[in-house]
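Dumped query23.cif below, it's mmCIF, N, CA and C atoms:
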```cif
data_work
loop_
_atom_site.label_atom_id
_atom_site.label_comp_id
_atom_site.auth_asym_id
_atom_site.auth_seq_id
_atom_site.Cartn_x
_atom_site.Cartn_y
_atom_site.Cartn_z
N MET A 54 125.25 90.06 65.16
CA MET A 54 124.23 90.22 66.16
C MET A 54 123.95 91.71 66.31
N ASN A 55 122.69 92.10 66.28
CA ASN A 55 122.30 93.47 66.52
C ASN A 55 122.22 93.72 68.02
N ILE A 56 122.65 94.90 68.41
CA ILE A 56 122.58 95.29 69.82
C ILE A 56 121.62 96.47 69.93
N VAL A 57 120.71 96.39 70.88
CA VAL A 57 119.76 97.46 71.12
C VAL A 57 120.32 98.35 72.21
N PRO A 58 120.38 99.66 71.98
CA PRO A 58 120.87 100.55 73.04
C PRO A 58 120.02 100.42 74.30
N ARG A 59 120.67 100.45 75.46
CA ARG A 59 119.98 100.31 76.75
C ARG A 59 118.86 101.32 76.91
N ARG A 60 119.11 102.56 76.52
CA ARG A 60 118.08 103.59 76.72
C ARG A 60 116.83 103.27 75.91
N LEU A 61 116.99 102.64 74.72
CA LEU A 61 115.84 102.27 73.91
C LEU A 61 115.05 101.15 74.57
N ILE A 62 115.72 100.16 75.13
CA ILE A 62 115.03 99.08 75.84
C ILE A 62 114.22 99.66 76.99
N SER A 63 114.84 100.56 77.76
CA SER A 63 114.11 101.17 78.88
C SER A 63 112.91 101.95 78.40
N GLN A 64 113.05 102.68 77.31
CA GLN A 64 111.93 103.44 76.77
C GLN A 64 110.83 102.50 76.30
N LEU A 65 111.21 101.42 75.62
CA LEU A 65 110.21 100.45 75.17
C LEU A 65 109.51 99.82 76.36
N GLY A 66 110.28 99.48 77.39
CA GLY A 66 109.68 98.88 78.57
C GLY A 66 108.65 99.79 79.21
N ARG A 67 108.98 101.07 79.30
CA ARG A 67 108.03 102.03 79.89
C ARG A 67 106.83 102.22 78.97
N THR A 68 107.08 102.33 77.68
CA THR A 68 105.99 102.56 76.74
C THR A 68 105.03 101.39 76.71
N MET A 69 105.59 100.20 76.63
CA MET A 69 104.76 99.02 76.48
C MET A 69 104.13 98.59 77.80
N SER A 70 104.64 99.07 78.93
CA SER A 70 104.10 98.62 80.20
C SER A 70 103.60 99.78 81.06
N SER A 71 103.30 100.91 80.44
CA SER A 71 102.90 102.08 81.21
C SER A 71 101.58 101.87 81.93
N SER A 72 100.72 101.01 81.40
CA SER A 72 99.45 100.74 82.05
C SER A 72 99.36 99.25 82.36
N THR A 73 100.14 98.82 83.34
CA THR A 73 100.22 97.39 83.63
C THR A 73 98.94 96.85 84.25
N SER A 74 98.09 97.71 84.77
CA SER A 74 96.84 97.21 85.35
C SER A 74 95.97 96.57 84.28
N SER A 75 96.08 97.05 83.06
CA SER A 75 95.30 96.45 81.97
C SER A 75 96.09 95.36 81.25
N LEU A 76 97.30 95.08 81.73
CA LEU A 76 98.16 94.05 81.13
C LEU A 76 98.54 93.04 82.21
N PRO A 77 97.67 92.07 82.46
CA PRO A 77 97.91 91.15 83.58
C PRO A 77 99.14 90.27 83.43
N VAL A 78 99.50 89.89 82.21
CA VAL A 78 100.64 88.99 82.03
C VAL A 78 101.94 89.71 82.36
N ILE A 79 102.11 90.91 81.84
CA ILE A 79 103.34 91.66 82.12
C ILE A 79 103.44 91.96 83.62
N SER A 80 102.32 92.24 84.26
CA SER A 80 102.32 92.49 85.71
C SER A 80 102.73 91.23 86.47
N SER A 81 102.23 90.09 86.06
CA SER A 81 102.57 88.83 86.71
C SER A 81 104.05 88.51 86.54
N ILE A 82 104.57 88.68 85.33
CA ILE A 82 105.99 88.42 85.07
C ILE A 82 106.85 89.31 85.96
N ARG A 83 106.55 90.59 85.97
CA ARG A 83 107.31 91.55 86.77
C ARG A 83 107.27 91.18 88.26
N GLN A 84 106.09 90.86 88.77
CA GLN A 84 105.93 90.54 90.19
C GLN A 84 106.68 89.27 90.58
N LYS A 85 106.54 88.23 89.77
CA LYS A 85 107.20 86.95 90.09
C LYS A 85 108.72 87.07 90.06
N LEU A 86 109.25 87.77 89.06
CA LEU A 86 110.71 87.92 88.99
C LEU A 86 111.22 88.79 90.13
N THR A 87 110.46 89.82 90.49
CA THR A 87 110.85 90.68 91.61
C THR A 87 110.83 89.91 92.91
N ASP A 88 109.76 89.16 93.15
CA ASP A 88 109.63 88.39 94.40
C ASP A 88 110.70 87.31 94.53
N ASN A 89 111.02 86.64 93.43
CA ASN A 89 111.92 85.50 93.49
C ASN A 89 113.40 85.85 93.34
N LEU A 90 113.72 86.88 92.57
CA LEU A 90 115.13 87.18 92.30
C LEU A 90 115.62 88.47 92.95
N LYS A 91 114.72 89.31 93.43
CA LYS A 91 115.11 90.59 94.03
C LYS A 91 116.11 91.32 93.12
N PRO A 92 115.76 91.54 91.86
CA PRO A 92 116.72 92.12 90.91
C PRO A 92 117.10 93.55 91.24
N ILE A 93 118.33 93.90 90.86
CA ILE A 93 118.76 95.30 90.97
C ILE A 93 118.34 96.05 89.70
N HIS A 94 118.04 95.31 88.66
CA HIS A 94 117.53 95.90 87.42
C HIS A 94 116.58 94.89 86.77
N LEU A 95 115.43 95.38 86.32
CA LEU A 95 114.46 94.51 85.64
C LEU A 95 113.71 95.31 84.59
N ASP A 96 113.75 94.83 83.37
CA ASP A 96 112.92 95.35 82.29
C ASP A 96 112.10 94.18 81.76
N VAL A 97 110.81 94.39 81.63
CA VAL A 97 109.94 93.41 80.99
C VAL A 97 109.28 94.14 79.83
N VAL A 98 109.60 93.70 78.62
CA VAL A 98 109.14 94.39 77.42
C VAL A 98 108.18 93.47 76.66
N ASN A 99 106.98 93.96 76.42
CA ASN A 99 106.00 93.22 75.63
C ASN A 99 106.34 93.45 74.16
N GLU A 100 106.82 92.42 73.49
CA GLU A 100 107.19 92.51 72.08
C GLU A 100 106.15 91.89 71.16
N SER A 101 104.97 91.68 71.68
CA SER A 101 103.91 91.05 70.89
C SER A 101 103.58 91.85 69.63
N TYR A 102 103.70 93.17 69.73
CA TYR A 102 103.41 94.03 68.58
C TYR A 102 104.30 93.72 67.37
N MET A 103 105.42 93.06 67.59
CA MET A 103 106.35 92.71 66.52
C MET A 103 105.95 91.41 65.81
N HIS A 104 104.86 90.81 66.23
CA HIS A 104 104.49 89.49 65.72
C HIS A 104 103.07 89.47 65.19
N ASN A 105 102.73 88.38 64.54
CA ASN A 105 101.42 88.23 63.92
C ASN A 105 100.40 87.77 64.95
N VAL A 106 100.05 88.69 65.85
CA VAL A 106 99.06 88.41 66.89
C VAL A 106 98.09 89.59 66.95
N PRO A 107 96.92 89.38 67.53
CA PRO A 107 95.96 90.49 67.64
C PRO A 107 96.55 91.66 68.44
N LYS A 108 96.08 92.86 68.14
CA LYS A 108 96.50 94.06 68.84
C LYS A 108 96.28 93.90 70.35
N ASN A 109 97.20 94.45 71.13
CA ASN A 109 97.18 94.41 72.60
C ASN A 109 97.39 93.01 73.18
N SER A 110 97.97 92.11 72.41
CA SER A 110 98.27 90.76 72.91
C SER A 110 99.42 90.81 73.91
N GLU A 111 99.46 89.80 74.74
CA GLU A 111 100.58 89.60 75.67
C GLU A 111 101.10 88.18 75.47
N THR A 112 101.83 87.99 74.40
CA THR A 112 102.29 86.65 74.03
C THR A 112 103.81 86.55 73.86
N HIS A 113 104.48 87.64 73.56
CA HIS A 113 105.91 87.64 73.27
C HIS A 113 106.59 88.69 74.16
N PHE A 114 107.60 88.24 74.95
CA PHE A 114 108.24 89.14 75.90
C PHE A 114 109.76 89.05 75.84
N LYS A 115 110.39 90.16 76.19
CA LYS A 115 111.83 90.21 76.43
C LYS A 115 111.99 90.59 77.89
N VAL A 116 112.81 89.82 78.62
CA VAL A 116 113.09 90.08 80.02
C VAL A 116 114.59 90.34 80.15
N ILE A 117 114.91 91.47 80.77
CA ILE A 117 116.29 91.78 81.11
C ILE A 117 116.33 91.83 82.63
N VAL A 118 117.03 90.89 83.23
CA VAL A 118 117.05 90.79 84.69
C VAL A 118 118.50 90.71 85.17
N VAL A 119 118.81 91.57 86.14
CA VAL A 119 120.14 91.61 86.75
C VAL A 119 119.93 91.34 88.24
N ALA A 120 120.55 90.26 88.73
CA ALA A 120 120.33 89.87 90.12
C ALA A 120 121.59 89.26 90.73
N GLU A 121 121.76 89.47 92.02
CA GLU A 121 122.87 88.88 92.77
C GLU A 121 122.89 87.36 92.62
N GLU A 122 121.72 86.75 92.53
CA GLU A 122 121.60 85.29 92.37
C GLU A 122 122.47 84.78 91.22
N PHE A 123 122.63 85.61 90.19
CA PHE A 123 123.38 85.18 89.00
C PHE A 123 124.89 85.24 89.21
N GLU A 124 125.35 85.79 90.34
CA GLU A 124 126.78 85.70 90.66
C GLU A 124 127.13 84.25 90.97
N LYS A 125 126.18 83.51 91.57
CA LYS A 125 126.40 82.10 91.93
C LYS A 125 126.11 81.17 90.75
N ILE A 126 125.21 81.57 89.87
CA ILE A 126 124.81 80.74 88.73
C ILE A 126 125.52 81.29 87.50
N LYS A 127 126.58 80.63 87.09
CA LYS A 127 127.42 81.13 86.00
C LYS A 127 126.88 80.76 84.62
N SER A 128 126.26 79.62 84.49
CA SER A 128 125.82 79.12 83.19
C SER A 128 124.57 79.87 82.70
N PRO A 129 124.63 80.44 81.49
CA PRO A 129 123.44 81.08 80.93
C PRO A 129 122.25 80.12 80.85
N LEU A 130 122.52 78.86 80.53
CA LEU A 130 121.45 77.87 80.46
C LEU A 130 120.76 77.70 81.81
N GLN A 131 121.55 77.61 82.88
CA GLN A 131 120.97 77.47 84.22
C GLN A 131 120.19 78.72 84.64
N ARG A 132 120.68 79.88 84.24
CA ARG A 132 119.96 81.12 84.52
C ARG A 132 118.61 81.13 83.80
N HIS A 133 118.62 80.73 82.55
CA HIS A 133 117.37 80.68 81.77
C HIS A 133 116.41 79.66 82.37
N ARG A 134 116.92 78.53 82.79
CA ARG A 134 116.06 77.52 83.42
C ARG A 134 115.42 78.07 84.70
N LEU A 135 116.19 78.82 85.47
CA LEU A 135 115.65 79.42 86.68
C LEU A 135 114.51 80.39 86.35
N VAL A 136 114.73 81.28 85.40
CA VAL A 136 113.70 82.25 85.00
C VAL A 136 112.49 81.52 84.42
N ASN A 137 112.73 80.53 83.57
CA ASN A 137 111.61 79.76 83.00
C ASN A 137 110.82 79.05 84.09
N GLY A 138 111.50 78.54 85.11
CA GLY A 138 110.80 77.88 86.21
C GLY A 138 109.93 78.85 87.00
N ILE A 139 110.47 80.03 87.25
CA ILE A 139 109.70 81.06 87.96
C ILE A 139 108.45 81.44 87.17
N LEU A 140 108.56 81.45 85.85
CA LEU A 140 107.45 81.87 84.98
C LEU A 140 106.74 80.68 84.33
N ALA A 141 106.80 79.52 84.97
CA ALA A 141 106.21 78.30 84.39
C ALA A 141 104.73 78.46 84.05
N ASP A 142 103.95 79.08 84.93
CA ASP A 142 102.52 79.24 84.67
C ASP A 142 102.27 80.10 83.44
N GLU A 143 103.03 81.17 83.30
CA GLU A 143 102.88 82.04 82.14
C GLU A 143 103.29 81.33 80.86
N LEU A 144 104.37 80.55 80.94
CA LEU A 144 104.84 79.82 79.75
C LEU A 144 103.90 78.67 79.38
N ASP A 145 103.18 78.14 80.34
CA ASP A 145 102.20 77.10 80.06
C ASP A 145 100.89 77.70 79.55
N GLY A 146 100.75 79.00 79.68
CA GLY A 146 99.50 79.66 79.30
C GLY A 146 99.69 80.66 78.19
N PRO A 147 99.57 81.94 78.52
CA PRO A 147 99.51 82.97 77.47
C PRO A 147 100.82 83.31 76.78
N VAL A 148 101.97 83.01 77.41
CA VAL A 148 103.25 83.42 76.83
C VAL A 148 103.73 82.40 75.81
N HIS A 149 103.90 82.87 74.59
CA HIS A 149 104.35 82.03 73.49
C HIS A 149 105.87 82.07 73.35
N ALA A 150 106.46 83.23 73.61
CA ALA A 150 107.90 83.39 73.43
C ALA A 150 108.47 84.29 74.52
N LEU A 151 109.64 83.90 75.03
CA LEU A 151 110.30 84.67 76.08
C LEU A 151 111.79 84.76 75.76
N SER A 152 112.25 85.97 75.52
CA SER A 152 113.66 86.24 75.32
C SER A 152 114.23 86.68 76.66
N ILE A 153 115.33 86.05 77.09
CA ILE A 153 115.87 86.31 78.42
C ILE A 153 117.32 86.80 78.31
N THR A 154 117.60 87.91 78.96
CA THR A 154 118.96 88.35 79.22
C THR A 154 119.09 88.38 80.73
N ALA A 155 119.91 87.48 81.27
CA ALA A 155 120.07 87.35 82.72
C ALA A 155 121.55 87.56 83.05
N LYS A 156 121.83 88.63 83.78
CA LYS A 156 123.22 88.97 84.10
C LYS A 156 123.39 89.19 85.59
N SER A 157 124.62 88.97 86.03
CA SER A 157 124.98 89.31 87.40
C SER A 157 125.27 90.82 87.44
N PRO A 158 125.25 91.42 88.61
CA PRO A 158 125.57 92.85 88.69
C PRO A 158 126.95 93.19 88.11
N SER A 159 127.93 92.32 88.35
CA SER A 159 129.27 92.61 87.81
C SER A 159 129.29 92.53 86.28
N GLN A 160 128.55 91.59 85.71
CA GLN A 160 128.46 91.51 84.24
C GLN A 160 127.75 92.75 83.69
N TRP A 161 126.68 93.16 84.35
CA TRP A 161 125.89 94.31 83.91
C TRP A 161 126.73 95.59 83.96
N GLU A 162 127.55 95.70 85.00
CA GLU A 162 128.41 96.87 85.14
C GLU A 162 129.42 96.93 84.00
N LYS A 163 129.94 95.79 83.59
CA LYS A 163 130.92 95.74 82.50
C LYS A 163 130.28 95.95 81.14
N ASN A 164 129.06 95.42 80.96
CA ASN A 164 128.42 95.48 79.65
C ASN A 164 126.90 95.39 79.82
N ASN A 165 126.22 96.53 79.68
CA ASN A 165 124.77 96.53 79.83
C ASN A 165 124.04 96.55 78.50
N SER A 166 124.70 96.08 77.44
CA SER A 166 124.03 95.98 76.15
C SER A 166 123.13 94.74 76.13
N VAL A 167 122.10 94.82 75.31
CA VAL A 167 121.12 93.73 75.22
C VAL A 167 120.95 93.39 73.74
N PRO A 168 121.04 92.11 73.37
CA PRO A 168 120.86 91.73 71.97
C PRO A 168 119.45 92.08 71.49
N ALA A 169 119.35 92.49 70.24
CA ALA A 169 118.04 92.76 69.65
C ALA A 169 117.28 91.45 69.50
N SER A 170 115.98 91.53 69.61
CA SER A 170 115.15 90.33 69.42
C SER A 170 115.11 89.97 67.95
N PRO A 171 114.99 88.68 67.66
CA PRO A 171 114.93 88.28 66.24
C PRO A 171 113.63 88.76 65.61
N SER A 172 113.67 88.91 64.30
CA SER A 172 112.47 89.29 63.56
C SER A 172 111.47 88.15 63.57
N CYS A 173 110.22 88.53 63.50
CA CYS A 173 109.15 87.52 63.44
C CYS A 173 109.26 86.76 62.12
N ARG A 174 109.08 85.45 62.20
CA ARG A 174 109.15 84.62 61.00
C ARG A 174 107.77 84.23 60.51
N GLY A 175 106.73 84.87 61.04
CA GLY A 175 105.39 84.67 60.51
C GLY A 175 104.52 83.69 61.26
N GLY A 176 105.08 82.89 62.14
CA GLY A 176 104.27 81.94 62.90
C GLY A 176 103.72 80.83 62.03
N ASP A 177 102.88 80.01 62.63
CA ASP A 177 102.31 78.87 61.90
C ASP A 177 100.89 79.13 61.41
N GLY A 178 100.38 80.35 61.63
CA GLY A 178 99.06 80.69 61.15
C GLY A 178 97.93 80.26 62.07
N SER A 179 98.26 79.75 63.26
CA SER A 179 97.21 79.25 64.15
C SER A 179 96.54 80.35 64.96
N LEU A 180 97.16 81.52 65.02
CA LEU A 180 96.58 82.62 65.78
C LEU A 180 95.61 83.41 64.92
N PRO A 181 94.60 84.04 65.54
CA PRO A 181 93.67 84.87 64.78
C PRO A 181 94.38 86.07 64.18
N SER A 182 93.84 86.59 63.10
CA SER A 182 94.42 87.75 62.45
C SER A 182 94.30 88.97 63.34
N LYS A 183 95.17 89.95 63.08
CA LYS A 183 95.14 91.21 63.85
C LYS A 183 93.85 91.94 63.60
#
```
Translate the structure of the given file into structure tokens.
Amino acid sequence: MNIVPRRLISQLGRTMSSSTSSLPVISSIRQKLTDNLKPIHLDVVNESYMHNVPKNSETHFKVIVVAEEFEKIKSPLQRHRLVNGILADELDGPVHALSITAKSPSQWEKNNSVPASPSCRGGDGSLPSK
């Protein structure tokens, strides 16, 4: 498993989301997770550029969320279900893929590494060319 250095994820998050007013999906994801989970740490990274989608797409995201709520929810599957439920509208619409790292503050303190996202496998060809 490849691990992405934390500082690189933060830089990517800032780079890819520096103008969120023109990126409604990333803004919506950030707002919903903030409102619902009150995270102590949140990165939302638009990884669409890594895939076969038109330039400036908002279809593929990595979310790194650290919240007290996850101290009570131990199962990674249950954490992912919670995040997916919060982002149900986005997942039913423009978001094609969502990579989730959901940690409790104590887990984050012990290990704040984040797995690298998998490489694009080319998709099914249903999206328009770049």
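Taking only N, CA and C atoms into account, Pro147 (chain A) lies nearest to A:Val78 out of the set A:Ser172, A:Pro107, A:Val78, A:Arg83.
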Taking the backbone alone, and naming residues the way the document does, which bits of region 85-130 of chain A are strand (DSSP E) by DSSP, as an MDAnalysis selection string? chainID A and resid 94:99 113:119
Which residues are close to Val97 (chain A), i.e. within 6.5 Å by all atoms listed in the file, leaving aside same-chain residues fewer than 6 positions away? Reply as an MDAnalysis selection string. chainID A and resid 66 114:117
Residue IDs satisfying the PyMOL selection byres ((chain A and resi 157) around 6.5), as a PyMOL selection string: chain A and resi 118-124+155-156+158-162
Please measure the separation of atom C of Ser81 (chain A) and CA of Arg132 (chain A), giving the value in Å to one decimal.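 These two atoms are separated by 17.7 Å.
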Please run DSSP on the backbone and report, as an NGL selection string, all residues within region 54-161 of chain A that come out as helix (DSSP H, G or I). :A and (59-69 or 73-75 or 77-90 or 101-103 or 122-125 or 129-139 or 141-145 or 158-161)
